[in-house]
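Novice: Please read through the structure below; I'll follow up with questions.
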Amino acid sequence: MEKTRKFTRDHPEVRRRQLIEATLRCLAELGHAGTSVRAVCARAGVSPGLVTHHFEGIDDLIAAAYAHVGDQVAAMLDNAMAGAGDDPLARLRAFIDASFRSSMLDSDLLQVWLAFWSLVRRDPRIRIIHAEIYGGYRQSLEKLVGDIAGSRKLDLDVRLAVLGFTAMMDGLWLEYCLDPTSFTAEEASRIAHGWVDTLITGGFAHLARQPVENPAPVI
């Protein structure tokens with residue numbers, strides 16, 4: 001009886017996961033335009049009615065797939081940083097190393113990510129999920145960079161510094177996935193670690209915090 005109850009309780013989530021994984025395969029192979037309920041169900045080996053049973057439709061399923069991928073990527077990066085211990089500098093370097101591992105430099109992941117990015121401006125659900133994913137991503141990095149700057153007494157606008165760092169990381173990742181012959185993952189990692197070296201040696205003086213101007217007196 002216990003085994004029967006457990007299977008019944010877990011079954012809907014297993015089905016949802018099956019549909020999400022099939023959606024990701026469709027996005028990687030066919031892009032957003034070719035991802036339909038029929039295509040997803042063909043890859044999952046289920047009837048189309050199962051999609052409407054678990055999701056509002058294909059757009060809802062794609063949104064769930066984006067959230068799923070975002071959670072997976074965040075978990076990989078978080079695990080890498082956790083393995084580096086409590087030192088913020090070691091954690092930031094672990095973040096860089098994990099970002100250029102083979103599991104993160106997958107061509108299918110690029111295709112999926114590009115499909116999601118193409119929907120950010122026109123799909124409110126995707127836009128909200130995108131903001132949550134990147135908001136958490138930047139918040140984690142701002143904490144690390146802020147701790148590093150504080151321990152070294154660096155005058156730094158952490159928000160701007162992290163904005164530059166994430167733009168560099170996204171650019172390196174995108175360029176590598178588009179053309180892995182242009183440079184190696186190790187070279188990409190060296191570039192990113194060079195940014196960290198510049199940070200800890202005070203090389204971002206141009207990103208010092210701007211003084212807050214006193215408001216004009218009220219007459």
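In the structure tokens, each chain is lettered A, B, ... as it comes, each chain's residues begin at 1, and ligands are numbered from 1 in order of appearance.
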Give the helix (DSSP H, G or I) residues of segment 31-174 of chain A, as assigned by DSSP on the backbone, as a ChimeraX atom specification.
Specialist: /A:37-44,49-54,58-83,88-99,107-119,124-151,158-174
Novice: Save out the residues we just selected, C-alpha atoms, as a short mmCIF file (atom, residue, chain, number, x, y, z; two decimals), in the first residue's frame.
Specialist:
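Output file again-v7.cif follows:
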```
data_model
loop_
_atom_site.label_atom_id
_atom_site.label_comp_id
_atom_site.auth_asym_id
_atom_site.auth_seq_id
_atom_site.Cartn_x
_atom_site.Cartn_y
_atom_site.Cartn_z
CA VAL A 37 2.06 20.49 -28.46
CA ARG A 38 2.16 17.83 -31.17
CA ALA A 39 5.97 17.96 -31.47
CA VAL A 40 6.47 17.83 -27.70
CA CYS A 41 4.08 14.92 -27.25
CA ALA A 42 5.71 13.00 -30.10
CA ARG A 43 9.06 13.22 -28.34
CA ALA A 44 7.58 12.43 -24.94
CA GLY A 49 -4.30 15.74 -23.88
CA LEU A 50 -1.59 15.25 -21.29
CA VAL A 51 -0.20 18.74 -21.99
CA THR A 52 -3.53 20.45 -21.34
CA HIS A 53 -3.96 18.31 -18.23
CA HIS A 54 -0.73 19.62 -16.67
CA ILE A 58 2.35 25.32 -25.14
CA ASP A 59 3.28 28.82 -23.93
CA ASP A 60 2.80 27.78 -20.31
CA LEU A 61 4.88 24.65 -20.93
CA ILE A 62 7.70 26.68 -22.50
CA ALA A 63 7.65 29.07 -19.53
CA ALA A 64 7.93 26.09 -17.16
CA ALA A 65 10.83 24.77 -19.23
CA TYR A 66 12.64 28.12 -18.91
CA ALA A 67 12.21 28.10 -15.14
CA HIS A 68 13.47 24.50 -15.07
CA VAL A 69 16.63 25.31 -17.03
CA GLY A 70 17.24 28.40 -14.90
CA ASP A 71 17.00 26.29 -11.75
CA GLN A 72 19.38 23.68 -13.18
CA VAL A 73 22.02 26.23 -14.14
CA ALA A 74 21.72 28.01 -10.78
CA ALA A 75 22.10 24.70 -8.95
CA MET A 76 25.29 23.83 -10.86
CA LEU A 77 26.83 27.22 -10.09
CA ASP A 78 25.69 27.15 -6.45
CA ASN A 79 27.16 23.68 -5.96
CA ALA A 80 30.48 24.80 -7.41
CA MET A 81 30.61 27.82 -5.10
CA ALA A 82 29.60 25.74 -2.07
CA GLY A 83 32.49 23.40 -2.79
CA PRO A 88 34.18 35.03 -1.33
CA LEU A 89 37.21 35.25 -3.65
CA ALA A 90 37.44 31.45 -3.89
CA ARG A 91 33.69 31.27 -4.48
CA LEU A 92 33.86 33.83 -7.30
CA ARG A 93 36.69 31.94 -8.97
CA ALA A 94 34.73 28.68 -8.60
CA PHE A 95 31.77 30.42 -10.26
CA ILE A 96 34.00 31.25 -13.23
CA ASP A 97 35.41 27.74 -13.51
CA ALA A 98 31.93 26.19 -13.37
CA SER A 99 30.65 28.58 -16.05
CA SER A 107 25.27 23.58 -28.10
CA ASP A 108 21.78 22.36 -27.20
CA LEU A 109 21.78 24.62 -24.14
CA LEU A 110 22.67 27.54 -26.41
CA GLN A 111 19.77 26.79 -28.74
CA VAL A 112 17.37 26.53 -25.82
CA TRP A 113 18.64 29.73 -24.22
CA LEU A 114 18.39 31.66 -27.50
CA ALA A 115 14.80 30.48 -27.91
CA PHE A 116 13.94 31.76 -24.44
CA TRP A 117 15.72 35.07 -25.00
CA SER A 118 13.74 35.63 -28.19
CA LEU A 119 10.52 35.46 -26.14
CA PRO A 124 5.05 38.39 -20.04
CA ARG A 125 5.54 35.01 -18.35
CA ILE A 126 8.96 34.54 -19.92
CA ARG A 127 9.85 38.13 -19.02
CA ILE A 128 9.01 37.53 -15.35
CA ILE A 129 10.98 34.29 -15.23
CA HIS A 130 13.92 35.95 -17.00
CA ALA A 131 13.93 38.76 -14.44
CA GLU A 132 13.87 36.25 -11.59
CA ILE A 133 16.71 34.16 -13.05
CA TYR A 134 18.99 37.09 -13.78
CA GLY A 135 17.99 38.95 -10.65
CA GLY A 136 19.09 36.00 -8.51
CA TYR A 137 22.24 35.59 -10.60
CA ARG A 138 23.28 39.23 -10.13
CA GLN A 139 22.27 39.32 -6.46
CA SER A 140 24.56 36.37 -5.71
CA LEU A 141 27.45 37.98 -7.57
CA GLU A 142 26.90 41.38 -5.96
CA LYS A 143 27.20 39.73 -2.54
CA LEU A 144 30.50 38.08 -3.50
CA VAL A 145 31.99 41.15 -5.16
CA GLY A 146 30.77 43.39 -2.32
CA ASP A 147 32.43 41.13 0.26
CA ILE A 148 35.67 41.06 -1.73
CA ALA A 149 35.67 44.85 -2.11
CA GLY A 150 34.88 45.35 1.57
CA SER A 151 37.65 43.04 2.79
CA VAL A 158 29.40 46.97 -6.86
CA ARG A 159 26.31 47.12 -9.04
CA LEU A 160 28.23 48.55 -12.00
CA ALA A 161 31.14 46.17 -11.48
CA VAL A 162 28.84 43.14 -11.53
CA LEU A 163 27.01 44.50 -14.56
CA GLY A 164 30.30 44.56 -16.43
CA PHE A 165 31.26 41.11 -15.14
CA THR A 166 28.00 39.48 -16.18
CA ALA A 167 28.15 41.13 -19.62
CA MET A 168 31.65 39.72 -20.07
CA MET A 169 30.63 36.23 -18.88
CA ASP A 170 27.53 36.14 -21.08
CA GLY A 171 29.53 37.39 -24.06
CA LEU A 172 32.28 34.80 -23.64
CA TRP A 173 29.74 32.01 -23.18
CA LEU A 174 27.73 33.08 -26.22
#
```
Novice: Record the distance separating atom CA of Asp86 of chain A and atom CA of Leu105 of chain A, expressed in Å with one decimal.
Specialist: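 Computed distance, atom CA of Asp86 of chain A to atom CA of Leu105 of chain A, equals 26.5 Å.
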Novice: Could you check how far atom CA of Thr201 of chain A sits from atom CA of Glu175 of chain A, in Å to one decimal?
Specialist: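 A separation of 27.7 Å between them.
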Novice: To one decimal in Å, tell me the separation between atom CA of Glu186 of chain A and atom CA of Ala28 of chain A.
Specialist: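 Between these atoms lies a distance of 25.3 Å.
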